[in-house]
Amino acid sequence: ALQYMSGFGNEHVSEDPRCPGALPEGQNNPQVCPYGLYAEQLSGSAFTCPRATNRRSWLYRILPSVCHKPFQPLREGHLTHRWDEVEPDPNQLRWKPFEIPKAHQNKLDFVSGLHTLCGAGEPRGRHGIAVHIFVCNTSMLNRCLYNSDGDFLIVPQQGKLLITTEFGKMLVEPNEICVIQQGMRFSVEVFGETRGYILEVYGAHFELPDLGPIGANGLANPRDFLVPVAWYEDRQVPGGYTVISKYQGKLFAAQQDFSPFNVVAWHGNYTPYKYHLENFMVINSVAFDHADPSIFTVLTAKSTRPGVAIADFVIFPPRWGVANNTFRPPYYHRNCMSEFMGLIKGHYEAKEEGFQPGGASLHSMMTPHGPDADCFEKASKAKLEPERVAEGTMAFMFESSLSMAVTEWGLKTSNRLDKNYYKCWETLKSHFNPNCK
């Protein structure tokens, strides 16, 4: 059974029980570390950041991570940050579930199965985001990945992920998320056909949103975030272990002859973590009208403009709907933000047909969107009793203040774009009657 420590952004201390006392006492970098280990610091922020935002961890490892051959370009996967591959498209976009190749046809692990769907900004300037889809059918073998560009927020939709990191192991299943922060090496084991979504953020780390008038409690509670405990392997790999770096939007590979998961102990506040979406404390309208969807924000990556996020991770979990004299589904909307939506399971309340688990939609800045015709007619005539909303469902949104472009893979190569999406609004009809108030 895997073990975890709880708490968001905490100062954690962990050592593998096979080596008690592996953490140095009273200092970070002694002349000689216990058990002959090497001390290595992983910095997730500038040294001079204010204490409240300073992120770093100390790792005590069998060999330092610098012991590898030079990096070489790796032609693999479909990652990009070139947002001008195709002409801009302001239309409402929806994708059918992304196909997972059969292993006997095409073996894909987590890295080779990465596909960039849309994004904005660029990693060299340390400002921007990217949305990726991963489809894979085999585990990473003697390979690991680390992201030099930013943080990965990983949302599995089908199949569970056993993620080995330098900090320990995490099992992440559908309806859970995990965050692998910049620079952290990890490898992904899968157990069959696997699919999911990734939100990548350049230049900022995810944090819990401010609660403001909500008060001290609510939304995602810090204690529900789980951090792995230290686990190491002292394993030689004579055939070569491949360390893959995502750097400036491209992949590079270096060889070494040992496992990088050789960290016997660590301490700090810069860690990977996971969270179960069922733990989210939903807050909603109990009188009339809607609370804005920002009330469902799990994590946010803030920009330098107060109240404006580079990206928010928002969910729409099961909840009670009780609002009086209110059209209860999401309202028609034009937004100064970009809204990318995915569906983990179930049926999304505003579009019960067409928007499927493993698929996605993108409503770009100021592009109108809202319930389809069937949803509008049904909700306009529904008896307004207390009802469970989204039972058995989990939809989510990556919302960004950046104007996202779609890649050629997303618009063409994937062959999953639903070209009939616009038709779900064509049967909306006018109910206007100037003689009836």
# chains A, B, ... in the order shown; residues from 1 in each chain; ligands from 1

$ residues_around --residues "Pro318 in chain A" --least-positions-apart "5" --cutoff "12 Å" --atoms "only C-alpha atoms" --output "number ranges by chain"
A: 277-284, 296, 345-349, 387-396

$ write_last_selection --atoms "N, CA and C atoms" --output "PDB file, in the first residue's frame"
ATOM      1  N   LEU A 277     -10.927  14.569  -6.425  1.00  0.00           N
ATOM      2  CA  LEU A 277     -11.921  15.601  -6.702  1.00  0.00           C
ATOM      3  C   LEU A 277     -13.194  15.435  -5.870  1.00  0.00           C
ATOM      4  N   GLU A 278     -13.444  14.239  -5.349  1.00  0.00           N
ATOM      5  CA  GLU A 278     -14.612  14.040  -4.493  1.00  0.00           C
ATOM      6  C   GLU A 278     -14.497  14.799  -3.176  1.00  0.00           C
ATOM      7  N   ASN A 279     -13.294  15.214  -2.815  1.00  0.00           N
ATOM      8  CA  ASN A 279     -13.098  15.935  -1.553  1.00  0.00           C
ATOM      9  C   ASN A 279     -13.434  17.421  -1.655  1.00  0.00           C
ATOM     10  N   PHE A 280     -13.773  17.886  -2.851  1.00  0.00           N
ATOM     11  CA  PHE A 280     -14.039  19.310  -3.046  1.00  0.00           C
ATOM     12  C   PHE A 280     -15.325  19.712  -2.327  1.00  0.00           C
ATOM     13  N   MET A 281     -15.252  20.758  -1.511  1.00  0.00           N
ATOM     14  CA  MET A 281     -16.426  21.268  -0.793  1.00  0.00           C
ATOM     15  C   MET A 281     -17.133  22.278  -1.689  1.00  0.00           C
ATOM     16  N   VAL A 282     -18.267  21.856  -2.240  1.00  0.00           N
ATOM     17  CA  VAL A 282     -18.980  22.679  -3.210  1.00  0.00           C
ATOM     18  C   VAL A 282     -19.739  23.794  -2.496  1.00  0.00           C
ATOM     19  N   ILE A 283     -19.628  24.996  -3.020  1.00  0.00           N
ATOM     20  CA  ILE A 283     -20.400  26.141  -2.546  1.00  0.00           C
ATOM     21  C   ILE A 283     -21.224  26.646  -3.730  1.00  0.00           C
ATOM     22  N   ASN A 284     -22.509  26.911  -3.475  1.00  0.00           N
ATOM     23  CA  ASN A 284     -23.397  27.205  -4.591  1.00  0.00           C
ATOM     24  C   ASN A 284     -24.511  28.142  -4.145  1.00  0.00           C
ATOM     25  N   PHE A 296     -15.996  27.240  -8.335  1.00  0.00           N
ATOM     26  CA  PHE A 296     -15.606  25.828  -8.399  1.00  0.00           C
ATOM     27  C   PHE A 296     -14.107  25.657  -8.668  1.00  0.00           C
ATOM     28  N   LYS A 345     -16.111  11.641 -16.613  1.00  0.00           N
ATOM     29  CA  LYS A 345     -17.126  10.586 -16.618  1.00  0.00           C
ATOM     30  C   LYS A 345     -18.509  11.226 -16.655  1.00  0.00           C
ATOM     31  N   GLY A 346     -19.513  10.430 -17.073  1.00  0.00           N
ATOM     32  CA  GLY A 346     -20.894  10.878 -17.033  1.00  0.00           C
ATOM     33  C   GLY A 346     -21.286  11.742 -18.212  1.00  0.00           C
ATOM     34  N   HIS A 347     -22.310  12.591 -17.995  1.00  0.00           N
ATOM     35  CA  HIS A 347     -22.857  13.470 -19.029  1.00  0.00           C
ATOM     36  C   HIS A 347     -22.878  14.893 -18.497  1.00  0.00           C
ATOM     37  N   TYR A 348     -22.355  15.818 -19.279  1.00  0.00           N
ATOM     38  CA  TYR A 348     -22.345  17.217 -18.853  1.00  0.00           C
ATOM     39  C   TYR A 348     -23.748  17.790 -18.967  1.00  0.00           C
ATOM     40  N   GLU A 349     -24.180  18.513 -17.941  1.00  0.00           N
ATOM     41  CA  GLU A 349     -25.570  18.934 -17.824  1.00  0.00           C
ATOM     42  C   GLU A 349     -26.038  19.834 -18.962  1.00  0.00           C
ATOM     43  N   GLU A 387     -32.877  19.400  -6.548  1.00  0.00           N
ATOM     44  CA  GLU A 387     -32.476  18.260  -7.368  1.00  0.00           C
ATOM     45  C   GLU A 387     -30.975  18.068  -7.309  1.00  0.00           C
ATOM     46  N   ARG A 388     -30.572  16.830  -7.466  1.00  0.00           N
ATOM     47  CA  ARG A 388     -29.157  16.546  -7.581  1.00  0.00           C
ATOM     48  C   ARG A 388     -28.708  16.869  -8.990  1.00  0.00           C
ATOM     49  N   VAL A 389     -27.635  17.633  -9.096  1.00  0.00           N
ATOM     50  CA  VAL A 389     -27.079  18.048 -10.379  1.00  0.00           C
ATOM     51  C   VAL A 389     -25.769  17.306 -10.602  1.00  0.00           C
ATOM     52  N   ALA A 390     -25.580  16.824 -11.817  1.00  0.00           N
ATOM     53  CA  ALA A 390     -24.309  16.213 -12.236  1.00  0.00           C
ATOM     54  C   ALA A 390     -23.970  14.947 -11.453  1.00  0.00           C
ATOM     55  N   GLU A 391     -24.984  14.245 -10.951  1.00  0.00           N
ATOM     56  CA  GLU A 391     -24.723  12.994 -10.229  1.00  0.00           C
ATOM     57  C   GLU A 391     -24.040  11.997 -11.161  1.00  0.00           C
ATOM     58  N   GLY A 392     -22.955  11.384 -10.701  1.00  0.00           N
ATOM     59  CA  GLY A 392     -22.214  10.427 -11.509  1.00  0.00           C
ATOM     60  C   GLY A 392     -21.387  11.042 -12.617  1.00  0.00           C
ATOM     61  N   THR A 393     -21.181  12.351 -12.520  1.00  0.00           N
ATOM     62  CA  THR A 393     -20.492  13.091 -13.582  1.00  0.00           C
ATOM     63  C   THR A 393     -19.309  13.854 -12.989  1.00  0.00           C
ATOM     64  N   MET A 394     -18.287  14.085 -13.790  1.00  0.00           N
ATOM     65  CA  MET A 394     -17.242  15.035 -13.409  1.00  0.00           C
ATOM     66  C   MET A 394     -16.704  15.698 -14.675  1.00  0.00           C
ATOM     67  N   ALA A 395     -17.158  16.918 -14.895  1.00  0.00           N
ATOM     68  CA  ALA A 395     -16.609  17.757 -15.962  1.00  0.00           C
ATOM     69  C   ALA A 395     -15.632  18.749 -15.340  1.00  0.00           C
ATOM     70  N   PHE A 396     -14.712  19.240 -16.131  1.00  0.00           N
ATOM     71  CA  PHE A 396     -13.742  20.210 -15.622  1.00  0.00           C
ATOM     72  C   PHE A 396     -13.447  21.242 -16.691  1.00  0.00           C
TER      73      PHE A 396
END

$ residues_around --residues "range 119-130 of chain A" --least-positions-apart "6" --cutoff "12 Å" --atoms "only C-alpha atoms" --output "ChimeraX atom specification"
/A:79-85,88,147-153,182,197-205,246-250,301-304,309-312,338-340,362,364,398-408,410

$ closest_residue --among "A:Leu219, A:Ala265, A:Gly159, A:Gln181" --to "Phe206 in chain A" --atoms "only C-alpha atoms"
A:Gln181

$ residues_around --residues "range 26-40 of chain A" --least-positions-apart "5" --cutoff "10 Å" --atoms "only C-alpha atoms" --output "PyMOL selection string"
chain A and resi 19-21+57-66+262-267

$ residues_around --residues "Gln236 in chain A" --least-positions-apart "5" --cutoff "8 Å" --atoms "only C-alpha atoms" --output "PyMOL selection string"
chain A and resi 257-259

$ write_last_selection --atoms "all heavy atoms" --output "mmCIF file, in the first residue's frame"
data_model
loop_
_atom_site.group_PDB
_atom_site.id
_atom_site.type_symbol
_atom_site.label_atom_id
_atom_site.label_comp_id
_atom_site.auth_asym_id
_atom_site.auth_seq_id
_atom_site.Cartn_x
_atom_site.Cartn_y
_atom_site.Cartn_z
ATOM 1 N N ASP A 257 23.551 5.330 -16.500
ATOM 2 C CA ASP A 257 23.552 3.883 -16.250
ATOM 3 C C ASP A 257 22.953 3.518 -14.890
ATOM 4 O O ASP A 257 23.250 2.465 -14.346
ATOM 5 C CB ASP A 257 24.974 3.318 -16.394
ATOM 6 C CG ASP A 257 25.965 3.976 -15.445
ATOM 7 O OD1 ASP A 257 25.537 4.777 -14.585
ATOM 8 O OD2 ASP A 257 27.171 3.682 -15.570
ATOM 9 N N PHE A 258 22.083 4.391 -14.341
ATOM 10 C CA PHE A 258 21.446 4.086 -13.060
ATOM 11 C C PHE A 258 20.067 4.733 -13.023
ATOM 12 O O PHE A 258 19.763 5.663 -13.780
ATOM 13 C CB PHE A 258 22.303 4.598 -11.901
ATOM 14 C CG PHE A 258 22.503 6.101 -11.895
ATOM 15 C CD1 PHE A 258 21.670 6.938 -11.169
ATOM 16 C CD2 PHE A 258 23.527 6.680 -12.638
ATOM 17 C CE1 PHE A 258 21.845 8.311 -11.181
ATOM 18 C CE2 PHE A 258 23.701 8.060 -12.657
ATOM 19 C CZ PHE A 258 22.862 8.876 -11.927
ATOM 20 N N SER A 259 19.231 4.236 -12.126
ATOM 21 C CA SER A 259 17.891 4.801 -11.965
ATOM 22 C C SER A 259 17.969 6.179 -11.317
ATOM 23 O O SER A 259 18.700 6.368 -10.345
ATOM 24 C CB SER A 259 17.033 3.880 -11.090
ATOM 25 O OG SER A 259 15.845 4.536 -10.693
#

$ select_by_dssp --residues "range 136-199 of chain A" --states "strand (DSSP E)" --output "PyMOL selection string"
chain A and resi 136+143-147+150-158+161-165+168-172+176-180+186-190+194-199

$ closest_residue --among "A:Ile244, A:Ala360, A:Cys336, A:Leu384" --to "Asp418 in chain A" --atoms "only C-alpha atoms"
A:Ala360

$ closest_residue --among "A:Pro70, A:Val13, A:Leu417, A:Tyr270" --to "Ser45 in chain A" --atoms "only C-alpha atoms"
A:Tyr270

$ residues_around --residues "Phe261 in chain A" --least-positions-apart "2" --cutoff "9 Å" --atoms "only C-alpha atoms" --output "number ranges by chain"
A: 61, 164-168, 185-186, 231-235, 258-259, 263-264

$ residues_around --residues "range 221-225 of chain A" --least-positions-apart "3" --cutoff "6 Å" --atoms "only C-alpha atoms" --output "PyMOL selection string"
chain A and resi 6-8+274-275

$ write_last_selection --atoms "N, CA and C atoms" --output "PDB file, in the first residue's frame"
ATOM      1  N   SER A   6      -0.029  14.547   4.184  1.00  0.00           N
ATOM      2  CA  SER A   6      -1.088  15.447   3.744  1.00  0.00           C
ATOM      3  C   SER A   6      -0.704  16.901   3.990  1.00  0.00           C
ATOM      4  N   GLY A   7      -1.316  17.778   3.183  1.00  0.00           N
ATOM      5  CA  GLY A   7      -1.124  19.212   3.356  1.00  0.00           C
ATOM      6  C   GLY A   7      -0.609  19.868   2.099  1.00  0.00           C
ATOM      7  N   PHE A   8      -1.222  21.003   1.720  1.00  0.00           N
ATOM      8  CA  PHE A   8      -0.807  21.725   0.521  1.00  0.00           C
ATOM      9  C   PHE A   8       0.289  22.718   0.865  1.00  0.00           C
ATOM     10  N   LYS A 274      -1.036  14.985  -5.136  1.00  0.00           N
ATOM     11  CA  LYS A 274      -2.270  14.563  -5.794  1.00  0.00           C
ATOM     12  C   LYS A 274      -3.467  14.980  -4.946  1.00  0.00           C
ATOM     13  N   TYR A 275      -4.656  14.918  -5.578  1.00  0.00           N
ATOM     14  CA  TYR A 275      -5.884  15.373  -4.915  1.00  0.00           C
ATOM     15  C   TYR A 275      -7.059  14.626  -5.520  1.00  0.00           C
TER      16      TYR A 275
END

$ residues_around --residues "range 368-383 of chain A" --least-positions-apart "2" --cutoff "9 Å" --atoms "only C-alpha atoms" --output "list in words"
Asn91, Gln92, Thr326, Phe327, Arg328, Pro329, Pro330, Tyr331, Tyr332, His333, Arg334, Asn335, Glu349, Ala350, Lys351, Glu352, His363, Ser364, Met365, Met366, Glu385, Lys423, Cys424, Trp425, Glu426, Thr427, Leu428 and Lys429 of chain A

$ write_last_selection --atoms "N, CA, C and O atoms" --output "short mmCIF file (atom, residue, chain, number, x, y, z; two decimals), in the first residue's frame"
data_model
loop_
_atom_site.label_atom_id
_atom_site.label_comp_id
_atom_site.auth_asym_id
_atom_site.auth_seq_id
_atom_site.Cartn_x
_atom_site.Cartn_y
_atom_site.Cartn_z
N ASN A 91 -14.15 29.78 -33.89
CA ASN A 91 -15.37 29.01 -33.77
C ASN A 91 -15.42 28.20 -32.47
O ASN A 91 -14.39 27.89 -31.88
N GLN A 92 -16.65 27.86 -32.07
CA GLN A 92 -16.80 26.89 -31.00
C GLN A 92 -16.25 25.55 -31.51
O GLN A 92 -16.61 25.09 -32.59
N THR A 326 -35.08 30.34 -11.41
CA THR A 326 -33.75 30.43 -12.02
C THR A 326 -33.62 29.38 -13.11
O THR A 326 -33.98 28.21 -12.92
N PHE A 327 -33.09 29.79 -14.25
CA PHE A 327 -32.67 28.83 -15.27
C PHE A 327 -31.39 28.17 -14.76
O PHE A 327 -30.35 28.82 -14.66
N ARG A 328 -31.48 26.92 -14.41
CA ARG A 328 -30.41 26.31 -13.61
C ARG A 328 -29.18 25.85 -14.39
O ARG A 328 -28.07 25.87 -13.83
N PRO A 329 -29.27 25.39 -15.61
CA PRO A 329 -28.03 25.04 -16.33
C PRO A 329 -27.15 26.27 -16.54
O PRO A 329 -27.59 27.40 -16.33
N PRO A 330 -25.93 26.07 -16.97
CA PRO A 330 -25.06 27.23 -17.25
C PRO A 330 -25.73 28.17 -18.25
O PRO A 330 -26.38 27.74 -19.21
N TYR A 331 -25.58 29.45 -18.01
CA TYR A 331 -26.23 30.46 -18.84
C TYR A 331 -25.45 30.69 -20.13
O TYR A 331 -24.28 30.30 -20.26
N TYR A 332 -26.10 31.35 -21.08
CA TYR A 332 -25.39 31.74 -22.31
C TYR A 332 -24.36 32.81 -21.97
O TYR A 332 -24.58 33.66 -21.11
N HIS A 333 -23.23 32.75 -22.66
CA HIS A 333 -22.08 33.46 -22.13
C HIS A 333 -21.12 33.84 -23.25
O HIS A 333 -20.90 33.07 -24.19
N ARG A 334 -20.55 35.02 -23.15
CA ARG A 334 -19.36 35.43 -23.91
C ARG A 334 -18.35 35.91 -22.88
O ARG A 334 -18.67 36.70 -22.01
N ASN A 335 -17.12 35.44 -23.00
CA ASN A 335 -16.16 35.57 -21.91
C ASN A 335 -14.85 36.17 -22.41
O ASN A 335 -14.40 35.87 -23.52
N GLU A 349 -24.18 18.51 -17.94
CA GLU A 349 -25.57 18.93 -17.82
C GLU A 349 -26.04 19.83 -18.96
O GLU A 349 -27.22 19.82 -19.33
N ALA A 350 -25.15 20.65 -19.53
CA ALA A 350 -25.58 21.59 -20.56
C ALA A 350 -25.58 20.98 -21.96
O ALA A 350 -26.17 21.55 -22.87
N LYS A 351 -24.92 19.83 -22.13
CA LYS A 351 -24.87 19.17 -23.43
C LYS A 351 -24.78 17.67 -23.20
O LYS A 351 -23.70 17.09 -23.20
N GLU A 352 -25.94 17.06 -23.02
CA GLU A 352 -25.94 15.64 -22.67
C GLU A 352 -25.59 14.75 -23.85
O GLU A 352 -25.26 13.59 -23.68
N HIS A 363 -13.99 27.01 -26.09
CA HIS A 363 -14.73 28.23 -26.40
C HIS A 363 -13.77 29.38 -26.19
O HIS A 363 -13.40 29.71 -25.06
N SER A 364 -13.35 29.97 -27.28
CA SER A 364 -12.31 30.99 -27.24
C SER A 364 -12.86 32.33 -26.78
O SER A 364 -14.07 32.50 -26.61
N MET A 365 -11.94 33.26 -26.59
CA MET A 365 -12.32 34.58 -26.07
C MET A 365 -13.45 35.20 -26.87
O MET A 365 -13.37 35.32 -28.09
N MET A 366 -14.51 35.58 -26.17
CA MET A 366 -15.67 36.28 -26.70
C MET A 366 -16.47 35.46 -27.71
O MET A 366 -17.39 35.99 -28.35
N GLU A 385 -37.75 22.06 -8.22
CA GLU A 385 -37.61 21.40 -6.93
C GLU A 385 -36.14 21.19 -6.65
O GLU A 385 -35.30 21.21 -7.56
N LYS A 423 -24.22 22.83 -34.84
CA LYS A 423 -25.61 22.50 -35.11
C LYS A 423 -26.43 22.31 -33.83
O LYS A 423 -27.67 22.34 -33.90
N CYS A 424 -25.75 22.13 -32.68
CA CYS A 424 -26.51 21.92 -31.44
C CYS A 424 -27.28 23.17 -31.03
O CYS A 424 -28.17 23.10 -30.18
N TRP A 425 -26.93 24.33 -31.62
CA TRP A 425 -27.66 25.58 -31.32
C TRP A 425 -28.61 25.99 -32.45
O TRP A 425 -29.37 26.94 -32.30
N GLU A 426 -28.55 25.29 -33.59
CA GLU A 426 -29.33 25.73 -34.75
C GLU A 426 -30.83 25.65 -34.52
O GLU A 426 -31.60 26.39 -35.13
N THR A 427 -31.28 24.74 -33.67
CA THR A 427 -32.72 24.57 -33.47
C THR A 427 -33.27 25.45 -32.36
O THR A 427 -34.46 25.34 -32.01
N LEU A 428 -32.42 26.31 -31.76
CA LEU A 428 -32.95 27.29 -30.82
C LEU A 428 -33.93 28.20 -31.55
O LEU A 428 -33.64 28.69 -32.64
N LYS A 429 -35.08 28.42 -30.96
CA LYS A 429 -36.10 29.22 -31.63
C LYS A 429 -36.48 30.42 -30.77
O LYS A 429 -36.30 30.44 -29.56
#

$ closest_residue --among "A:Leu411, A:Gly44, A:Val188, A:Pro434" --to "Glu87 in chain A" --atoms "only C-alpha atoms"
A:Leu411

$ closest_residue --among "A:Arg319, A:Arg305, A:Lys107, A:His78" --to "Thr413 in chain A" --atoms "only C-alpha atoms"
A:His78

$ atom_distance --atom1 "CA of Thr297 in chain A" --atom2 "CA of Pro209 in chain A"
7.0 Å

$ select_by_dssp --residues "range 59-261 of chain A" --states "helix (DSSP H, G or I)" --output "list of chain:residue names"
A:Pro123, A:Arg124, A:Gly125, A:Gly212, A:Pro213, A:Ile214, A:Pro222, A:Arg223, A:Asp224

$ write_last_selection --atoms "C-alpha atoms" --output "PDB file, in the first residue's frame"
ATOM      1  CA  PRO A 123       8.248  28.813 -22.441  1.00  0.00           C
ATOM      2  CA  ARG A 124      11.380  30.878 -23.092  1.00  0.00           C
ATOM      3  CA  GLY A 125       9.600  34.003 -21.881  1.00  0.00           C
ATOM      4  CA  GLY A 212     -12.241  36.073   0.386  1.00  0.00           C
ATOM      5  CA  PRO A 213     -15.773  36.417   1.815  1.00  0.00           C
ATOM      6  CA  ILE A 214     -16.183  32.625   1.812  1.00  0.00           C
ATOM      7  CA  PRO A 222      -5.312  21.930   2.133  1.00  0.00           C
ATOM      8  CA  ARG A 223      -5.307  18.755   4.219  1.00  0.00           C
ATOM      9  CA  ASP A 224      -6.761  16.728   1.317  1.00  0.00           C
TER      10      ASP A 224
END

$ closest_residue --among "A:Gly196, A:Pro90, A:Pro260, A:Gly215" --to "Gly113 in chain A" --atoms "only C-alpha atoms"
A:Gly196

$ atom_distance --atom1 "CA of Ala254 in chain A" --atom2 "CA of Leu108 in chain A"
19.6 Å

$ atom_distance --atom1 "CA of Arg55 in chain A" --atom2 "CA of Leu42 in chain A"
8.7 Å

$ decode --residues "range 326-376 of chain A" --atoms "C-alpha atoms" --output "PDB file, in the first residue's frame"
ATOM      1  CA  THR A 326     -33.755  30.430 -12.025  1.00  0.00           C
ATOM      2  CA  PHE A 327     -32.674  28.833 -15.270  1.00  0.00           C
ATOM      3  CA  ARG A 328     -30.406  26.311 -13.613  1.00  0.00           C
ATOM      4  CA  PRO A 329     -28.032  25.038 -16.329  1.00  0.00           C
ATOM      5  CA  PRO A 330     -25.060  27.229 -17.253  1.00  0.00           C
ATOM      6  CA  TYR A 331     -26.234  30.458 -18.842  1.00  0.00           C
ATOM      7  CA  TYR A 332     -25.392  31.743 -22.314  1.00  0.00           C
ATOM      8  CA  HIS A 333     -22.075  33.457 -22.128  1.00  0.00           C
ATOM      9  CA  ARG A 334     -19.363  35.428 -23.910  1.00  0.00           C
ATOM     10  CA  ASN A 335     -16.161  35.569 -21.910  1.00  0.00           C
ATOM     11  CA  CYS A 336     -12.897  37.537 -21.891  1.00  0.00           C
ATOM     12  CA  MET A 337     -11.249  34.235 -20.887  1.00  0.00           C
ATOM     13  CA  SER A 338     -10.562  31.066 -22.899  1.00  0.00           C
ATOM     14  CA  GLU A 339     -12.512  28.018 -21.714  1.00  0.00           C
ATOM     15  CA  PHE A 340     -11.234  24.505 -22.434  1.00  0.00           C
ATOM     16  CA  MET A 341     -13.485  21.765 -21.072  1.00  0.00           C
ATOM     17  CA  GLY A 342     -13.024  18.030 -20.632  1.00  0.00           C
ATOM     18  CA  LEU A 343     -15.208  15.261 -19.250  1.00  0.00           C
ATOM     19  CA  ILE A 344     -13.877  12.543 -16.972  1.00  0.00           C
ATOM     20  CA  LYS A 345     -17.126  10.586 -16.618  1.00  0.00           C
ATOM     21  CA  GLY A 346     -20.894  10.878 -17.033  1.00  0.00           C
ATOM     22  CA  HIS A 347     -22.857  13.470 -19.029  1.00  0.00           C
ATOM     23  CA  TYR A 348     -22.345  17.217 -18.853  1.00  0.00           C
ATOM     24  CA  GLU A 349     -25.570  18.934 -17.824  1.00  0.00           C
ATOM     25  CA  ALA A 350     -25.581  21.592 -20.562  1.00  0.00           C
ATOM     26  CA  LYS A 351     -24.867  19.173 -23.434  1.00  0.00           C
ATOM     27  CA  GLU A 352     -25.945  15.638 -22.670  1.00  0.00           C
ATOM     28  CA  GLU A 353     -25.278  14.525 -26.233  1.00  0.00           C
ATOM     29  CA  GLY A 354     -22.054  14.977 -28.188  1.00  0.00           C
ATOM     30  CA  PHE A 355     -19.778  16.019 -25.326  1.00  0.00           C
ATOM     31  CA  GLN A 356     -18.351  12.665 -24.241  1.00  0.00           C
ATOM     32  CA  PRO A 357     -15.848  11.362 -21.675  1.00  0.00           C
ATOM     33  CA  GLY A 358     -12.389  11.579 -23.184  1.00  0.00           C
ATOM     34  CA  GLY A 359     -13.444  14.364 -25.536  1.00  0.00           C
ATOM     35  CA  ALA A 360     -13.090  18.122 -25.133  1.00  0.00           C
ATOM     36  CA  SER A 361     -14.349  21.540 -26.177  1.00  0.00           C
ATOM     37  CA  LEU A 362     -12.777  24.977 -26.563  1.00  0.00           C
ATOM     38  CA  HIS A 363     -14.728  28.227 -26.403  1.00  0.00           C
ATOM     39  CA  SER A 364     -12.306  30.988 -27.245  1.00  0.00           C
ATOM     40  CA  MET A 365     -12.322  34.580 -26.069  1.00  0.00           C
ATOM     41  CA  MET A 366     -15.674  36.281 -26.697  1.00  0.00           C
ATOM     42  CA  THR A 367     -16.981  33.310 -28.687  1.00  0.00           C
ATOM     43  CA  PRO A 368     -20.581  32.743 -27.510  1.00  0.00           C
ATOM     44  CA  HIS A 369     -21.549  29.416 -25.975  1.00  0.00           C
ATOM     45  CA  GLY A 370     -24.144  27.896 -23.703  1.00  0.00           C
ATOM     46  CA  PRO A 371     -26.756  25.159 -23.427  1.00  0.00           C
ATOM     47  CA  ASP A 372     -27.882  23.328 -26.534  1.00  0.00           C
ATOM     48  CA  ALA A 373     -31.474  23.596 -27.721  1.00  0.00           C
ATOM     49  CA  ASP A 374     -32.708  20.465 -25.939  1.00  0.00           C
ATOM     50  CA  CYS A 375     -31.202  21.561 -22.633  1.00  0.00           C
ATOM     51  CA  PHE A 376     -32.746  25.025 -22.926  1.00  0.00           C
TER      52      PHE A 376
END
